[in-house]
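**Q** Got a structure for you, questions after.
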Amino acid sequence: MFKSGSLIFDDKKIKDFINKESNPFLKKSRNNFLKKLGEKKFNIKEEYKYTPLKQSIEKNFNLRFEIEKSISSTTEKKILSHIINDNNVYQIITLDGKIIKKFSNIPSKISFKNFDELDKKEKSLLHNHFGENDDSDDDIFSALNGVLWSKGLFVYIKKNQVIDRPIIVNNFYTSEKNIFSSQLRKFIFMEKNSKLSICEFDYSLISNNFNSNVTEIILEERSELDYFKIQNDSNNSTSFNSTNIKQKKNSISNTFTFSFSGDIIRNNLNISLIDENCYCNMYGIYALNNKSHVDNHTSVDHIQKNSISNEHYKGIMNGHSNGVFNGKIFVRKEAQKTNAFQSNNNIILSDDAKINTKPQLEIWADDVKCSHGCTTGQLDEKAIFYLQSRGINKDKAVSILINAFFDEIIQKINQNIVKDKINEILSTKIESYLNER
Amino acid sequence: MLSIKKLKVSIENNLILKGLNLDINQGEVHAIMGPNGSGKSTLASVIAGNENYKVESGSISFYGKNINDFSPDERAMMGIFLAFQYPVEIPGVSTINFIKTALNRIREFNKKKPLDAVNFLKTMKKKMNLVKIDRDLLSRSINEGFSGGEKKRNEIFQMAMLEPKLSILDETDSGLDIDALKIVSNGVNKLRTKDNSTIVVTHYQRLLDYIVPDYVHVLIDGKIVKSGSKNLAIELENKGYDWL
Ligand SMILES: Nc1ncnc2c1ncn2[C@@H]1O[C@H](COP(=O)(O)OP(=O)(O)OP(=O)(O)O)[C@@H](O)[C@H]1O
Ligand SMILES: [Mg+2]
C-alpha cells in the first residue's frame with residue numbers, strides 16, 4: 001500500500017498504470033510525481049481547511065483505470081445538445097480529454113492536439129516545459145494528477161498569430177468516483193505577440209463524476225490570453241482544478257472562473273509574473289445553491305517590478321451551499337512599483353449557507369501599491385423596498401439586485417458569446433433562488 | 001382617497017404610531033409637520049407598505065379598499081408614491097432602465113400598453129425638463145454618488161414619470177438649495193390635478209409658500225395632535241411645538 005498524507009492507494013496498480021506510458025519522457029515524469037507524492041508532507045489540513053475531502057473522495061482509493069470508450073449514441077446525443085451553434089466561434093469537444101475531431105472545428109493557425117499526436121518540434125516544446133510550472137509541491141491533488149493523468153491536451157500558438165474568434169472547449173467527463181479516466185493535463189504555450197481566447201465548459205455525463213485538471217500555461221513576451229472556465233454541472237461532480245500561468249514581459253492574462261453548480265469544486269489559480277510589466281486580471285463569480293461547495297484558492301506572485309495584478313471575485317450562496325475564497329498575493333523584493341488589488345464580495349441568501357474568505361498578503365518590496373478587501377452581507381432590504389415602492393415586485397427586485405451585484409464582473413467579459421451564456425446561466429440560477437425563497 | 005383609522009405601528013417592539021387618524025380627499029395637499037422622531041417618516045413608509053414596520057391595529061384604506069395587507073409594489077401600482085427622505089443608492093442598476101421597468105409595470109396594471117423606446121424617451125425628455133434633471137445623472141446607477149440635492153430631484157423626476165395618484169414627499173426640501181427648491185416645487189405644482197393628492201412632510205414653512213397646502217397637521221409622539229389651515233404652519237414657525 002502507498003500512502004500520501006491521509007490518502008491511501010494501491011502501489012501495484014499505480015506502477016502498472018505508469019508502465020503503460022509509452023513516452024519515456026512522460027513515464028519518467030509520472031515517476032517523479034509519484035516520488036513527490038510519497039515524500040512531500042502535503043499540508044492538507046491547512047490547504048483544504050474548509051473543503052471536506054471525506055465527502056468528495058474516498059480516502060482509500062480503489063484505483064481503477066478505464067480504457068478509452070467508443071462513443072455511444074446516447075453520449076453523442078448529450079454532447080451535441082451542448083454544442084453552441086454560432087459561426088463566430090471555434091469549437092472543440094473533448095471526451096475525458098480526447099479531442100473528438102468530428103465535432104470539432106480547430107483554427108488552422110494553432111495547434112490544438114492530444115499529447116499522443118504531437119510532431120517532433122511540439123514534443124520537444126512540451127518536454128522542455130512540462131511539469132515545471134504546476135503547484136504539485138503544495139497541492140496533493142495536483143501531484144496525484146501528475147502521476148495519474150489520463151489524457152493530455154496541448155495548445156500552441158506561434159508568434160504574431162492572433163485568433164480573432166474565441167475557442168469554445170466543451171469538456172465531457174464520464175468516470176465515476178474511483179475510476180481515473182477524467183484526469184486531464186493541459187499545456188498551453190503562447191509565443192511572442194500572440195493572442196488567444198479560450199473558453200472551457202465542463203460537463204459530466206455521469207453522476208458523481210470525479211475529474212481533475214492541471215493546466216500549465218506559458219505566456220511569452222507581449223502575448224495575451226483570455227481564459228474562461230465555466231462550471232455549471234448539474235451532475236454532482238467532484239472537480240479539482242489547478243491552473244498555473246507563467247507570464248513573461250508585457251504579457252497579459254485575463255482569467256474568469258465561473259462556478260454555478262457541482263458537488264465539490266476546488267479551483268487553484270496560480271499566476272507567476274516572472275518579468276517586468278506584466279498584467280493579470282483574475283475575475284470570478286460563484287452563484288451556488290443546494291449543497292454545492294466551491295473553493296477558490298488563488299495566488300499571484302509578483303517577482304519583477306512594474307507589474308499589475310487585479311483580482312475580483314464575487315459570490316452568492318443560497319441553500320446549504322458553501323463558498324471558500326483564499327487569495328494570496330506575494331510581492332518579492334525585486335518587485336518594486338507593483339500594483340496589486342484584490343477584492344472578494346459575498347452575499348448570503350439563506351441561514352444555512354456559508355462563506356469563508358481569507359486574503360493573505362506577503363510583501364517584501366517597499367514601493368508597492370497593494371489593496372485588498374472582502375465583504376459578506378445580505379441583499380439590501382432598503383434597496384428591495386425602494387424598488388418595490390416603484391411598482392417592481394419583490395422577485396423582480398431581488399433578481400435586479402443579484403444581477404447588479406455581478407454586473408461589475410460581467411461587464412469585464414470581452415467576448416459577447418461568453419457574456420450571453422453567463423447571463424443565461426445566471427438568470428436560470430436566479431429563478432431557482434426565487435423558487436427556494 | 002386615503003383614509004387612515006386608529007393606526008398603531010411598531011418597529012422592533014417600539015410603538016411609534018399610537019392611534020393615528022388621517023383623511024385625504026382627491027385633489028388635496030396635506031402638510032405634516034412635527035419634531036424629529038415623532039413618526040413622520042414611519043407614517044410615510046407604512047402608507048407605502050414597508051414590511052419592516054408592524055401594523056398592530058387600525059387600517060389604511062385607499063379608494064375605499066383596505067390595503068393593510070398589500071405589498072409595496074401593489075400599492076405603487078394603485079398609485080401611491082413615496083419620495084424618500086433618504087433615497088437609496090443601488091449600484092449596478094441603471095436609473096433609466098429601472099424607471100422604464102417601473103413605468104411599464106404600472107402601465108400594465110392599468111391595462112395600458114408598455115411604452116416603446118421612442119415614446120419612453122419622449123416622455124422622459126418632457127419630465128426631465130420639468131424638474132431640470134440632467135441626462136447624465138439618469139444614465140448612472142440609481143442614486144449612486146448623487147449629491148443630496150440630486151437624489152431629491154431624482155425622486156421628483158420619478159414621481160413625474162410614474163404619475164401617481166397619491167404622492168408622499170418626505171422632507172423633499174431638505175438638502176435643496178433655494179433655486180432647486182423652486183424648481184422642484186414648481187414641478188410638483190405642475191403635476192397637480194384635481195384628481196391627485198399630495199402629502200408633504202417638512203420642517204420648514206418656506207416650502208409651503210411654494211406648495212400651498214389645504215391642511216396642515218402636527219404629528220407629535222405618534223399622533224396627530226392638531227390640524228389646521230396653512231396659517232398653522234406659520235404659527236409653528238414662530239412658536240415651535242412646545243405650546244401644543
Ligand atoms: N429600525 C428601528 N428600530 C427602532 N426604532 C426605530 C427604527 N426606525 C425608526 N425608529 C424610531 O421611530 C421613531 C420615529 O422615526 P421617524 O423616522 O418616523 O421620525 P421622523 O418624524 O421622520 O423624524 P425626522 O424629522 O428626524 O425625520 C424614532 O424615534 C426612531 O428612532
Ligand atoms: Mg423623517
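We label chains A, B, ... in the order they appear in the C-alpha cells, count residues from 1 in each chain, and number ligands from 1 in the order shown.
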Within 6 Å of chain A, which residues of chain B show up when using only C-alpha atoms, listed as an NGL selection string?
**A** :B and (72-73 or 76-77 or 92-93 or 102)
**Q** Around ligand 2, which protein and nucleic acid residues have at least one atom no more than 8 Å from it, if we count only C-alpha atoms and all ligand atoms? List them as a list in words.
**A** Asn36, Gly37, Gly39, Lys40, Ser41, Thr42, Gln85, Asp170, Glu171 and Val201 of chain B
**Q** Could you turn the residues from that selection into a file that holds N, CA, C and O atoms, as a PDB file, in the first residue's frame?
**A**
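selection18.pdb, freshly written:
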```pdb
ATOM      1  N   ASN B  36     -38.468  66.053  15.350  1.00  0.00           N
ATOM      2  CA  ASN B  36     -37.675  64.887  14.957  1.00  0.00           C
ATOM      3  C   ASN B  36     -38.115  63.679  15.760  1.00  0.00           C
ATOM      4  O   ASN B  36     -38.363  63.776  16.955  1.00  0.00           O
ATOM      5  N   GLY B  37     -38.190  62.580  15.083  1.00  0.00           N
ATOM      6  CA  GLY B  37     -38.504  61.324  15.776  1.00  0.00           C
ATOM      7  C   GLY B  37     -39.961  61.143  16.138  1.00  0.00           C
ATOM      8  O   GLY B  37     -40.317  60.203  16.842  1.00  0.00           O
ATOM      9  N   GLY B  39     -42.429  60.412  14.154  1.00  0.00           N
ATOM     10  CA  GLY B  39     -43.063  59.309  13.421  1.00  0.00           C
ATOM     11  C   GLY B  39     -43.508  59.664  12.012  1.00  0.00           C
ATOM     12  O   GLY B  39     -44.236  58.905  11.379  1.00  0.00           O
ATOM     13  N   LYS B  40     -43.043  60.795  11.483  1.00  0.00           N
ATOM     14  CA  LYS B  40     -43.474  61.242  10.154  1.00  0.00           C
ATOM     15  C   LYS B  40     -43.024  60.278   9.057  1.00  0.00           C
ATOM     16  O   LYS B  40     -43.812  59.844   8.217  1.00  0.00           O
ATOM     17  N   SER B  41     -41.733  59.935   9.093  1.00  0.00           N
ATOM     18  CA  SER B  41     -41.225  59.014   8.068  1.00  0.00           C
ATOM     19  C   SER B  41     -41.824  57.620   8.248  1.00  0.00           C
ATOM     20  O   SER B  41     -42.046  56.897   7.285  1.00  0.00           O
ATOM     21  N   THR B  42     -42.063  57.266   9.493  1.00  0.00           N
ATOM     22  CA  THR B  42     -42.704  55.975   9.760  1.00  0.00           C
ATOM     23  C   THR B  42     -44.064  55.928   9.077  1.00  0.00           C
ATOM     24  O   THR B  42     -44.386  54.967   8.367  1.00  0.00           O
ATOM     25  N   GLN B  85     -37.117  60.261   2.188  1.00  0.00           N
ATOM     26  CA  GLN B  85     -36.268  61.238   2.887  1.00  0.00           C
ATOM     27  C   GLN B  85     -34.800  60.919   2.604  1.00  0.00           C
ATOM     28  O   GLN B  85     -33.996  61.815   2.379  1.00  0.00           O
ATOM     29  N   ASP B 170     -41.387  63.067   1.519  1.00  0.00           N
ATOM     30  CA  ASP B 170     -40.816  63.074   2.868  1.00  0.00           C
ATOM     31  C   ASP B 170     -39.573  63.961   2.902  1.00  0.00           C
ATOM     32  O   ASP B 170     -38.494  63.556   2.466  1.00  0.00           O
ATOM     33  N   GLU B 171     -39.732  65.138   3.422  1.00  0.00           N
ATOM     34  CA  GLU B 171     -38.636  66.113   3.521  1.00  0.00           C
ATOM     35  C   GLU B 171     -37.881  66.276   2.210  1.00  0.00           C
ATOM     36  O   GLU B 171     -36.649  66.279   2.192  1.00  0.00           O
ATOM     37  N   VAL B 201     -44.232  66.174   3.870  1.00  0.00           N
ATOM     38  CA  VAL B 201     -43.662  66.165   5.213  1.00  0.00           C
ATOM     39  C   VAL B 201     -42.530  67.179   5.198  1.00  0.00           C
ATOM     40  O   VAL B 201     -41.645  67.114   4.331  1.00  0.00           O
TER      41      VAL B 201
END
```
**Q** Any chance you could tabulate, as CSV, the residues of chain B at most 10 Å from ligand 1 with each one's nearest atom pair and distance in Å to one decimal, using only C-alpha atoms and all ligand atoms, in chain and rising number order?
**A**
```
residue,atom,partner,partner_atom_place_in_ligand_line,distance
B:Val9,CA,ligand 1,12 (O),9.8
B:Ser10,CA,ligand 1,12 (O),8.2
B:Ile11,CA,ligand 1,3 (N),5.6
B:Glu12,CA,ligand 1,3 (N),5.6
B:Asn13,CA,ligand 1,4 (C),8.0
B:Asn14,CA,ligand 1,5 (N),6.4
B:Leu15,CA,ligand 1,12 (O),8.0
B:Ile16,CA,ligand 1,12 (O),5.5
B:Leu17,CA,ligand 1,14 (C),8.1
B:Ile32,CA,ligand 1,21 (O),9.5
B:Met33,CA,ligand 1,21 (O),8.3
B:Gly34,CA,ligand 1,21 (O),6.5
B:Pro35,CA,ligand 1,25 (O),5.7
B:Asn36,CA,ligand 1,25 (O),3.5
B:Gly37,CA,ligand 1,19 (O),3.4
B:Ser38,CA,ligand 1,21 (O),4.0
B:Gly39,CA,ligand 1,18 (O),3.2
B:Lys40,CA,ligand 1,21 (O),3.7
B:Ser41,CA,ligand 1,22 (O),3.6
B:Thr42,CA,ligand 1,18 (O),3.6
B:Leu43,CA,ligand 1,18 (O),6.5
B:Ala44,CA,ligand 1,18 (O),7.9
B:Ser45,CA,ligand 1,18 (O),8.2
B:Val46,CA,ligand 1,18 (O),9.7
B:Asn52,CA,ligand 1,1 (N),7.7
B:Tyr53,CA,ligand 1,1 (N),8.2
B:Gln85,CA,ligand 1,27 (O),7.3
B:Tyr86,CA,ligand 1,27 (O),9.4
B:Asp170,CA,ligand 1,22 (O),7.9
B:Glu171,CA,ligand 1,27 (O),7.5
B:Val201,CA,ligand 1,22 (O),8.3
B:Thr202,CA,ligand 1,25 (O),7.9
B:His203,CA,ligand 1,25 (O),7.2
B:Leu219,CA,ligand 1,21 (O),7.8
B:Ile220,CA,ligand 1,21 (O),8.2
B:Asp221,CA,ligand 1,14 (C),8.2
B:Gly222,CA,ligand 1,14 (C),7.9
```
**Q** To one decimal place, how far is atom CA of A:Glu122 from atom CA of A:Arg165 in Å?
**A**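 It comes out at 23.5 Å.
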**Q** Determine which residues of stretch 116-234 of chain B receive a DSSP assignment of strand (DSSP E), computed from the backbone, and state them as a count of residues only.
**A** 24
**Q** Could you find all residues in stretch 86-129 of chain B that DSSP calls helix (DSSP H, G or I) from the backbone, and write them as an mmCIF file with all heavy atoms, in the first residue's frame?
**A**
```
data_model
loop_
_atom_site.group_PDB
_atom_site.id
_atom_site.type_symbol
_atom_site.label_atom_id
_atom_site.label_comp_id
_atom_site.auth_asym_id
_atom_site.auth_seq_id
_atom_site.Cartn_x
_atom_site.Cartn_y
_atom_site.Cartn_z
ATOM 1 N N THR B 95 -30.457 53.907 -13.757
ATOM 2 C CA THR B 95 -31.652 54.652 -13.362
ATOM 3 C C THR B 95 -32.716 54.577 -14.456
ATOM 4 O O THR B 95 -33.890 54.339 -14.180
ATOM 5 C CB THR B 95 -31.283 56.122 -13.087
ATOM 6 O OG1 THR B 95 -30.153 56.145 -12.221
ATOM 7 C CG2 THR B 95 -32.430 56.870 -12.439
ATOM 8 N N ILE B 96 -32.276 54.764 -15.686
ATOM 9 C CA ILE B 96 -33.242 54.772 -16.789
ATOM 10 C C ILE B 96 -33.946 53.420 -16.928
ATOM 11 O O ILE B 96 -35.166 53.354 -16.997
ATOM 12 C CB ILE B 96 -32.551 55.161 -18.114
ATOM 13 C CG1 ILE B 96 -32.085 56.613 -18.021
ATOM 14 C CG2 ILE B 96 -33.489 54.979 -19.292
ATOM 15 C CD1 ILE B 96 -31.344 57.118 -19.224
ATOM 16 N N ASN B 97 -33.165 52.343 -16.920
ATOM 17 C CA ASN B 97 -33.780 51.013 -17.025
ATOM 18 C C ASN B 97 -34.770 50.759 -15.899
ATOM 19 O O ASN B 97 -35.833 50.180 -16.091
ATOM 20 C CB ASN B 97 -32.720 49.912 -16.992
ATOM 21 C CG ASN B 97 -31.967 49.841 -18.300
ATOM 22 O OD1 ASN B 97 -32.405 50.415 -19.296
ATOM 23 N ND2 ASN B 97 -30.834 49.163 -18.297
ATOM 24 N N PHE B 98 -34.360 51.182 -14.722
ATOM 25 C CA PHE B 98 -35.201 50.994 -13.537
ATOM 26 C C PHE B 98 -36.529 51.725 -13.711
ATOM 27 O O PHE B 98 -37.608 51.153 -13.505
ATOM 28 C CB PHE B 98 -34.410 51.480 -12.313
ATOM 29 C CG PHE B 98 -35.227 51.974 -11.161
ATOM 30 C CD1 PHE B 98 -36.086 51.130 -10.471
ATOM 31 C CD2 PHE B 98 -35.111 53.294 -10.734
ATOM 32 C CE1 PHE B 98 -36.822 51.596 -9.394
ATOM 33 C CE2 PHE B 98 -35.838 53.756 -9.660
ATOM 34 C CZ PHE B 98 -36.702 52.910 -8.993
ATOM 35 N N ILE B 99 -36.463 52.978 -14.138
ATOM 36 C CA ILE B 99 -37.696 53.758 -14.279
ATOM 37 C C ILE B 99 -38.571 53.171 -15.388
ATOM 38 O O ILE B 99 -39.789 53.107 -15.271
ATOM 39 C CB ILE B 99 -37.382 55.247 -14.533
ATOM 40 C CG1 ILE B 99 -36.693 55.831 -13.290
ATOM 41 C CG2 ILE B 99 -38.654 56.035 -14.842
ATOM 42 C CD1 ILE B 99 -36.233 57.260 -13.432
ATOM 43 N N LYS B 100 -37.907 52.684 -16.427
ATOM 44 C CA LYS B 100 -38.659 52.091 -17.533
ATOM 45 C C LYS B 100 -39.405 50.835 -17.056
ATOM 46 O O LYS B 100 -40.587 50.652 -17.345
ATOM 47 C CB LYS B 100 -37.711 51.748 -18.681
ATOM 48 C CG LYS B 100 -38.443 51.437 -19.948
ATOM 49 C CD LYS B 100 -37.506 51.339 -21.134
ATOM 50 C CE LYS B 100 -38.317 50.961 -22.362
ATOM 51 N NZ LYS B 100 -37.464 50.449 -23.428
ATOM 52 N N THR B 101 -38.685 49.985 -16.311
ATOM 53 C CA THR B 101 -39.323 48.785 -15.769
ATOM 54 C C THR B 101 -40.514 49.164 -14.895
ATOM 55 O O THR B 101 -41.602 48.607 -15.023
ATOM 56 C CB THR B 101 -38.313 47.981 -14.918
ATOM 57 O OG1 THR B 101 -37.125 47.786 -15.676
ATOM 58 C CG2 THR B 101 -38.877 46.630 -14.511
ATOM 59 N N ALA B 102 -40.282 50.135 -14.006
ATOM 60 C CA ALA B 102 -41.331 50.543 -13.075
ATOM 61 C C ALA B 102 -42.539 51.095 -13.837
ATOM 62 O O ALA B 102 -43.681 50.688 -13.594
ATOM 63 C CB ALA B 102 -40.781 51.593 -12.112
ATOM 64 N N LEU B 103 -42.250 51.981 -14.763
ATOM 65 C CA LEU B 103 -43.341 52.625 -15.500
ATOM 66 C C LEU B 103 -44.191 51.592 -16.242
ATOM 67 O O LEU B 103 -45.418 51.625 -16.198
ATOM 68 C CB LEU B 103 -42.769 53.657 -16.483
ATOM 69 C CG LEU B 103 -43.803 54.406 -17.330
ATOM 70 C CD1 LEU B 103 -44.774 55.178 -16.439
ATOM 71 C CD2 LEU B 103 -43.126 55.363 -18.303
ATOM 72 N N ASN B 104 -43.510 50.645 -16.878
ATOM 73 C CA ASN B 104 -44.276 49.659 -17.643
ATOM 74 C C ASN B 104 -45.046 48.678 -16.763
ATOM 75 O O ASN B 104 -46.095 48.192 -17.145
ATOM 76 C CB ASN B 104 -43.371 48.949 -18.644
ATOM 77 C CG ASN B 104 -43.111 49.847 -19.858
ATOM 78 O OD1 ASN B 104 -43.939 50.696 -20.187
ATOM 79 N ND2 ASN B 104 -41.968 49.674 -20.501
ATOM 80 N N ARG B 105 -44.527 48.418 -15.565
ATOM 81 C CA ARG B 105 -45.297 47.601 -14.618
ATOM 82 C C ARG B 105 -46.602 48.309 -14.270
ATOM 83 O O ARG B 105 -47.665 47.700 -14.222
ATOM 84 C CB ARG B 105 -44.511 47.393 -13.312
ATOM 85 C CG ARG B 105 -43.317 46.524 -13.464
ATOM 86 C CD ARG B 105 -43.561 45.151 -12.868
ATOM 87 N NE ARG B 105 -42.539 44.246 -13.394
ATOM 88 C CZ ARG B 105 -42.448 42.974 -13.097
ATOM 89 N NH1 ARG B 105 -43.316 42.424 -12.280
ATOM 90 N NH2 ARG B 105 -41.499 42.230 -13.623
ATOM 91 N N ILE B 106 -46.465 49.599 -13.989
ATOM 92 C CA ILE B 106 -47.637 50.364 -13.569
ATOM 93 C C ILE B 106 -48.628 50.497 -14.730
ATOM 94 O O ILE B 106 -49.837 50.363 -14.556
ATOM 95 C CB ILE B 106 -47.202 51.742 -13.006
ATOM 96 C CG1 ILE B 106 -46.450 51.520 -11.688
ATOM 97 C CG2 ILE B 106 -48.400 52.661 -12.800
ATOM 98 C CD1 ILE B 106 -45.817 52.746 -11.096
ATOM 99 N N ARG B 107 -48.100 50.702 -15.937
ATOM 100 C CA ARG B 107 -48.978 50.787 -17.113
ATOM 101 C C ARG B 107 -49.711 49.463 -17.322
ATOM 102 O O ARG B 107 -50.901 49.442 -17.597
ATOM 103 C CB ARG B 107 -48.162 51.136 -18.359
ATOM 104 C CG ARG B 107 -47.677 52.587 -18.380
ATOM 105 C CD ARG B 107 -46.861 52.854 -19.634
ATOM 106 N NE ARG B 107 -47.686 52.786 -20.837
ATOM 107 C CZ ARG B 107 -48.321 53.826 -21.360
ATOM 108 N NH1 ARG B 107 -48.214 55.018 -20.795
ATOM 109 N NH2 ARG B 107 -49.055 53.687 -22.449
ATOM 110 N N GLU B 108 -48.976 48.382 -17.166
ATOM 111 C CA GLU B 108 -49.581 47.065 -17.340
ATOM 112 C C GLU B 108 -50.745 46.883 -16.363
ATOM 113 O O GLU B 108 -51.816 46.411 -16.731
ATOM 114 C CB GLU B 108 -48.506 46.003 -17.114
ATOM 115 C CG GLU B 108 -48.891 44.600 -17.551
ATOM 116 C CD GLU B 108 -47.827 43.579 -17.142
ATOM 117 O OE1 GLU B 108 -46.627 43.938 -17.072
ATOM 118 O OE2 GLU B 108 -48.222 42.433 -16.859
ATOM 119 N N PHE B 109 -50.499 47.295 -15.127
ATOM 120 C CA PHE B 109 -51.535 47.187 -14.087
ATOM 121 C C PHE B 109 -52.775 47.982 -14.486
ATOM 122 O O PHE B 109 -53.899 47.571 -14.249
ATOM 123 C CB PHE B 109 -50.974 47.687 -12.752
ATOM 124 C CG PHE B 109 -51.958 47.652 -11.625
ATOM 125 C CD1 PHE B 109 -52.179 46.477 -10.912
ATOM 126 C CD2 PHE B 109 -52.670 48.795 -11.269
ATOM 127 C CE1 PHE B 109 -53.087 46.448 -9.865
ATOM 128 C CE2 PHE B 109 -53.579 48.766 -10.221
ATOM 129 C CZ PHE B 109 -53.784 47.586 -9.517
ATOM 130 N N ALA B 117 -39.443 52.211 -26.830
ATOM 131 C CA ALA B 117 -38.249 53.009 -26.537
ATOM 132 C C ALA B 117 -38.434 54.473 -26.941
ATOM 133 O O ALA B 117 -38.086 55.390 -26.185
ATOM 134 C CB ALA B 117 -37.036 52.400 -27.223
ATOM 135 N N VAL B 118 -39.001 54.672 -28.101
ATOM 136 C CA VAL B 118 -39.141 56.039 -28.617
ATOM 137 C C VAL B 118 -40.059 56.876 -27.725
ATOM 138 O O VAL B 118 -39.705 57.975 -27.287
ATOM 139 C CB VAL B 118 -39.710 56.013 -30.063
ATOM 140 C CG1 VAL B 118 -39.942 57.434 -30.567
ATOM 141 C CG2 VAL B 118 -38.761 55.259 -30.976
ATOM 142 N N ASN B 119 -41.228 56.312 -27.413
ATOM 143 C CA ASN B 119 -42.177 57.055 -26.592
ATOM 144 C C ASN B 119 -41.693 57.238 -25.166
ATOM 145 O O ASN B 119 -41.973 58.256 -24.533
ATOM 146 C CB ASN B 119 -43.536 56.360 -26.601
ATOM 147 C CG ASN B 119 -44.295 56.699 -27.859
ATOM 148 O OD1 ASN B 119 -44.400 57.866 -28.231
ATOM 149 N ND2 ASN B 119 -44.784 55.686 -28.544
ATOM 150 N N PHE B 120 -40.960 56.238 -24.690
ATOM 151 C CA PHE B 120 -40.403 56.363 -23.348
ATOM 152 C C PHE B 120 -39.439 57.552 -23.304
ATOM 153 O O PHE B 120 -39.488 58.380 -22.396
ATOM 154 C CB PHE B 120 -39.686 55.075 -22.932
ATOM 155 C CG PHE B 120 -39.018 55.176 -21.587
ATOM 156 C CD1 PHE B 120 -39.768 55.110 -20.419
ATOM 157 C CD2 PHE B 120 -37.643 55.360 -21.481
ATOM 158 C CE1 PHE B 120 -39.167 55.222 -19.176
ATOM 159 C CE2 PHE B 120 -37.033 55.471 -20.244
ATOM 160 C CZ PHE B 120 -37.798 55.401 -19.090
ATOM 161 N N LEU B 121 -38.583 57.634 -24.314
ATOM 162 C CA LEU B 121 -37.610 58.731 -24.356
ATOM 163 C C LEU B 121 -38.300 60.091 -24.449
ATOM 164 O O LEU B 121 -37.878 61.053 -23.814
ATOM 165 C CB LEU B 121 -36.662 58.540 -25.536
ATOM 166 C CG LEU B 121 -35.468 57.653 -25.213
ATOM 167 C CD1 LEU B 121 -34.744 57.218 -26.470
ATOM 168 C CD2 LEU B 121 -34.507 58.380 -24.276
ATOM 169 N N LYS B 122 -39.354 60.120 -25.231
ATOM 170 C CA LYS B 122 -40.125 61.365 -25.385
ATOM 171 C C LYS B 122 -40.655 61.827 -24.028
ATOM 172 O O LYS B 122 -40.451 62.967 -23.619
ATOM 173 C CB LYS B 122 -41.303 61.104 -26.327
ATOM 174 C CG LYS B 122 -41.259 61.931 -27.598
ATOM 175 C CD LYS B 122 -42.607 61.832 -28.294
ATOM 176 C CE LYS B 122 -42.436 61.774 -29.800
ATOM 177 N NZ LYS B 122 -43.626 61.247 -30.478
ATOM 178 N N THR B 123 -41.339 60.896 -23.355
ATOM 179 C CA THR B 123 -41.892 61.205 -22.041
ATOM 180 C C THR B 123 -40.781 61.645 -21.095
ATOM 181 O O THR B 123 -40.925 62.616 -20.348
ATOM 182 C CB THR B 123 -42.574 59.950 -21.435
ATOM 183 O OG1 THR B 123 -43.372 59.354 -22.445
ATOM 184 C CG2 THR B 123 -43.421 60.302 -20.238
ATOM 185 N N MET B 124 -39.688 60.918 -21.180
ATOM 186 C CA MET B 124 -38.590 61.197 -20.272
ATOM 187 C C MET B 124 -38.065 62.618 -20.467
ATOM 188 O O MET B 124 -37.842 63.346 -19.504
ATOM 189 C CB MET B 124 -37.473 60.183 -20.501
ATOM 190 C CG MET B 124 -36.615 59.983 -19.285
ATOM 191 S SD MET B 124 -35.424 58.665 -19.543
ATOM 192 C CE MET B 124 -34.130 59.564 -20.331
ATOM 193 N N LYS B 125 -37.901 63.000 -21.712
ATOM 194 C CA LYS B 125 -37.397 64.350 -22.025
ATOM 195 C C LYS B 125 -38.300 65.412 -21.420
ATOM 196 O O LYS B 125 -37.830 66.376 -20.825
ATOM 197 C CB LYS B 125 -37.309 64.532 -23.535
ATOM 198 C CG LYS B 125 -35.952 64.139 -24.078
ATOM 199 C CD LYS B 125 -35.689 64.815 -25.406
ATOM 200 C CE LYS B 125 -34.339 64.341 -25.944
ATOM 201 N NZ LYS B 125 -34.418 63.854 -27.306
ATOM 202 N N LYS B 126 -39.605 65.188 -21.601
ATOM 203 C CA LYS B 126 -40.577 66.163 -21.108
ATOM 204 C C LYS B 126 -40.437 66.312 -19.592
ATOM 205 O O LYS B 126 -40.355 67.418 -19.063
ATOM 206 C CB LYS B 126 -41.984 65.674 -21.474
ATOM 207 C CG LYS B 126 -42.949 66.794 -21.804
ATOM 208 C CD LYS B 126 -44.223 66.268 -22.465
ATOM 209 C CE LYS B 126 -45.148 65.597 -21.469
ATOM 210 N NZ LYS B 126 -46.202 64.805 -22.120
ATOM 211 N N LYS B 127 -40.358 65.171 -18.915
ATOM 212 C CA LYS B 127 -40.311 65.198 -17.455
ATOM 213 C C LYS B 127 -38.966 65.675 -16.927
ATOM 214 O O LYS B 127 -38.881 66.292 -15.872
ATOM 215 C CB LYS B 127 -40.648 63.818 -16.879
ATOM 216 C CG LYS B 127 -41.995 63.262 -17.343
ATOM 217 C CD LYS B 127 -43.147 64.066 -16.781
ATOM 218 C CE LYS B 127 -44.472 63.889 -17.496
ATOM 219 N NZ LYS B 127 -45.284 62.787 -17.031
ATOM 220 N N MET B 128 -37.915 65.384 -17.693
ATOM 221 C CA MET B 128 -36.588 65.866 -17.305
ATOM 222 C C MET B 128 -36.583 67.386 -17.287
ATOM 223 O O MET B 128 -35.992 68.023 -16.424
ATOM 224 C CB MET B 128 -35.518 65.360 -18.291
ATOM 225 C CG MET B 128 -34.962 63.988 -17.956
ATOM 226 S SD MET B 128 -34.072 63.235 -19.344
ATOM 227 C CE MET B 128 -32.908 64.513 -19.737
ATOM 228 N N ASN B 129 -37.246 67.929 -18.269
ATOM 229 C CA ASN B 129 -37.348 69.368 -18.398
ATOM 230 C C ASN B 129 -38.082 69.984 -17.212
ATOM 231 O O ASN B 129 -37.695 71.020 -16.685
ATOM 232 C CB ASN B 129 -38.106 69.677 -19.689
ATOM 233 C CG ASN B 129 -37.523 70.900 -20.343
ATOM 234 O OD1 ASN B 129 -36.489 71.388 -19.909
ATOM 235 N ND2 ASN B 129 -38.195 71.393 -21.363
#
```
**Q** Measuring atom to atom with only C-alpha atoms, identify which of A:Asn326, A:Asn43, A:Ser104, A:Ser181 is nearest to A:Tyr90.
**A** A:Ser104
**Q** Given only C-alpha atoms as the basis, pick out the residue of A:His297, A:Lys109, A:His127, A:Lys41 nearest to A:Lys159.
**A**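 Among the listed residues, A:Lys109 lies closest to A:Lys159.
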**Q** Counting only C-alpha atoms, figure out which residue out of A:Phe201, A:Phe330, A:Phe260, A:Tyr227 gets nearest to A:Thr428.
**A** A:Phe260
